[in-house]
Each structure stands twice: as C-alpha cells, then as structure tokens.
Amino acid sequence: MTRSFWSRGITLAVVTVGLFVTPVGGSAVAVAAAGTTPFGPERFAHNHATYVITTKSAYYRQVWQSAINAWNKTGAFHFKLSTTNAQITLKTASKTQAAALGEDVGLTDYWSKNDLLLDVTATLNPPLLKSYAYSRADDVHVAEHELGHTMGLAHNPAKESVMYYRNRSVGIKQVDVNGVKLRYQTPAGQSS
Ligand SMILES: [Zn+2]
C-alpha cells in the first residue's frame, strides 16, 4: 500500500503502524468476558473523525454507509463525510490484497503518533465474504466491526458484541457503545 502522505517529513521513528485483523478461523484470546468492549491505547483526538468511501462497488459503498449510519445513531462517535484528507478511508480489497488477507474478512490498519490515530484504513474482503455466503446484514456487521477498530475498540471475548473476533451475525450492542464512550473518556495511551 502506498502512503505518500507520510513521505512529507514524518519519519517512521515517531509513527507506529498497527494492525487489527478479523479472522474467520483461529483461536480466541482467553480473557474474561467484559461488560464493556475493551479498547487499545490508540484513539482519535476527539470523538469524531472524517471518512471517505473509496470502493467503486455500489454494493459495498452502501455496506460501509449503513455501518457508518449505525454507529452515528449511537451518539458515541460521529463519522463525518469528507472527500479531502479524510482521516478514515473505507475500501474493498483488490484481488491482490484479497489474496494477501487470507482468511480475514475485514482488516483495519492505522498510523498513529503518541497513540493518537492520524490515518486509518479499513478494508472489506469481498471474495471471502462471498465465498462464505455472508448476507448483506453480515457484511454490514463486518463493516461495523472494522469501524469499531477505527475508533480504537479492541476485540470483545463475548459473542454478544459486534467486536467479537469472529463476529458475523451480531450488530452494534450496548457493550460496544459503552466501549466507545469509555474510550473517549479515557486519555490516549491508556487501554482497558
Ligand atoms: Zn477485529
């Protein structure tokens, strides 16, 4: 992935790159069930951020938009559309990227500095979603899950959370809304 934006004087020494994955296989991390979806140390400076949807697919544009609308409705965070220098890019994997994603139906990667998120990209993997016969609702849940990562949410070990690591059928739950609220009441650098 080309990141020409960062070639303008920001060195890798002060920028960390992180990776969240949504595997459809693999083993669960053994942690206690949480009443609030946990979060990592990274967050945006505010509980709002700008986004752009770059996929050419009308279907996946709608999937991303439905997921955006669902999160915006919760009031915990506001995603605002912007076509210039959006903080969040929502896309679908190219054929080559899809192959590299392997068994991940969705993936979010980000650049952060001092645990503040600067540039986040979330990707859906259409060939895999299709091969597992995900419904439109399932696809939206995956998009909601990746948007959870874009805000800083980590995986919830409980199945009744959109952030369950291999979630497919569950939408945004109160535990997830609580997680985002708590994330943005908690300074960058602290995780739960
Ligand atoms: Zn995930």
# chains A, B, ... in the order shown; residues from 1 in each chain; ligands from 1
>>> closest_atom_pairs(of="region 41-147 of chain A", to="region 165-184 of chain A", cutoff="9 Å", atoms="only C-alpha atoms", output="Markdown table")
| residue | atom | partner | partner_atom | distance |
| --- | --- | --- | --- | --- |
| A:Pro41 | CA | A:Arg183 | CA | 8.8 |
| A:Glu42 | CA | A:Arg183 | CA | 9.0 |
| A:Arg43 | CA | A:Arg183 | CA | 7.4 |
| A:Phe44 | CA | A:Tyr184 | CA | 8.3 |
| A:Ala45 | CA | A:Tyr184 | CA | 8.6 |
| A:His46 | CA | A:Tyr184 | CA | 7.2 |
| A:Asn47 | CA | A:Tyr184 | CA | 6.1 |
| A:Ala70 | CA | A:Ile172 | CA | 7.7 |
| A:Trp71 | CA | A:Ile172 | CA | 7.6 |
| A:Thr74 | CA | A:Val177 | CA | 6.8 |
| A:Gly75 | CA | A:Val177 | CA | 8.5 |
| A:Ala76 | CA | A:Lys181 | CA | 5.5 |
| A:Phe77 | CA | A:Val180 | CA | 7.3 |
| A:Tyr134 | CA | A:Arg168 | CA | 7.9 |
| A:Ala137 | CA | A:Ser169 | CA | 7.5 |
| A:Asp138 | CA | A:Arg168 | CA | 5.3 |
| A:Asp139 | CA | A:Arg168 | CA | 7.7 |
| A:Val140 | CA | A:Gly171 | CA | 8.1 |
| A:His141 | CA | A:Gly171 | CA | 5.4 |
| A:Val142 | CA | A:Arg168 | CA | 6.5 |
| A:Glu144 | CA | A:Ile172 | CA | 7.1 |
| A:His145 | CA | A:Asn167 | CA | 8.0 |
>>> write_last_selection(atoms="C-alpha atoms", output="compact mmCIF listing (two decimals), in the first residue's frame")
# COMPACT_ATOMS: atom_id res chain seq x y z
CA PRO A 41 -4.20 2.69 23.68
CA GLU A 42 -4.94 4.44 20.37
CA ARG A 43 -7.76 6.88 19.81
CA PHE A 44 -8.60 9.89 17.70
CA ALA A 45 -8.06 13.26 19.36
CA HIS A 46 -11.84 13.77 19.52
CA ASN A 47 -14.88 11.54 19.38
CA ALA A 70 -25.50 2.63 12.60
CA TRP A 71 -22.54 3.96 14.62
CA THR A 74 -25.48 5.61 18.81
CA GLY A 75 -24.21 9.12 19.52
CA ALA A 76 -20.95 7.77 20.97
CA PHE A 77 -18.87 8.90 17.98
CA TYR A 134 -22.28 -13.69 4.05
CA ALA A 137 -26.60 -7.91 7.11
CA ASP A 138 -23.48 -10.00 7.83
CA ASP A 139 -21.42 -7.75 5.56
CA VAL A 140 -22.68 -4.68 7.45
CA HIS A 141 -21.71 -6.33 10.74
CA VAL A 142 -18.18 -6.86 9.46
CA GLU A 144 -19.38 -2.15 11.84
CA HIS A 145 -16.67 -4.31 13.44
>>> select_by_dssp(residues="region 52-115 of chain A", states="strand (DSSP E)", output="list in words")
Val52, Ile53, His78, Phe79, Lys80, Leu81, Ile88, Thr89, Leu90, Lys91, Thr92, Asp104, Val105, Gly106, Leu107, Thr108, Asp109, Tyr110, Trp111, Ser112 and Lys113 of chain A
>>> closest_residue(among="A:Gln62, A:His149, A:Lys56, A:His78", to="Ser94 (chain A)", atoms="only C-alpha atoms")
A:Lys56
>>> atom_distance(atom1="CA of Gly189 (chain A)", atom2="CA of Leu124 (chain A)")
27.6 Å
>>> residues_around(residues="Ser192 (chain A)", least_positions_apart="3", cutoff="8 Å", atoms="only C-alpha atoms", output="PyMOL selection string")
chain A and resi 38-40
>>> closest_residue(among="A:Val52, A:Lys130, A:Gly148, A:Leu101", to="Tyr164 (chain A)", atoms="only C-alpha atoms")
A:Gly148
>>> select_by_dssp(residues="region 51-175 of chain A", states="helix (DSSP H, G or I)", output="MDAnalysis selection string")
chainID A and resid 58:74 95:101 126:131 136:151 174:175
>>> closest_residue(among="A:Asn156, A:Gln97, A:Thr121, A:Thr92", to="ligand 1", atoms="only C-alpha atoms and all ligand atoms")
A:Asn156
>>> closest_residue(among="A:Asn125, A:Thr96, A:Thr83, A:Thr186", to="Tyr60 (chain A)", atoms="only C-alpha atoms")
A:Asn125
>>> closest_residue(among="A:Val162, A:Leu90, A:Ala100, A:Ala49", to="ligand 1", atoms="only C-alpha atoms and all ligand atoms")
A:Val162
>>> closest_residue(among="A:Asp119, A:Gly106, A:Ala188, A:Ser135", to="ligand 1", atoms="only C-alpha atoms and all ligand atoms")
A:Gly106
>>> atom_distance(atom1="CA of Thr84 (chain A)", atom2="CA of Thr54 (chain A)")
11.8 Å
>>> atom_distance(atom1="CA of Gly102 (chain A)", atom2="CA of Ala86 (chain A)")
27.4 Å
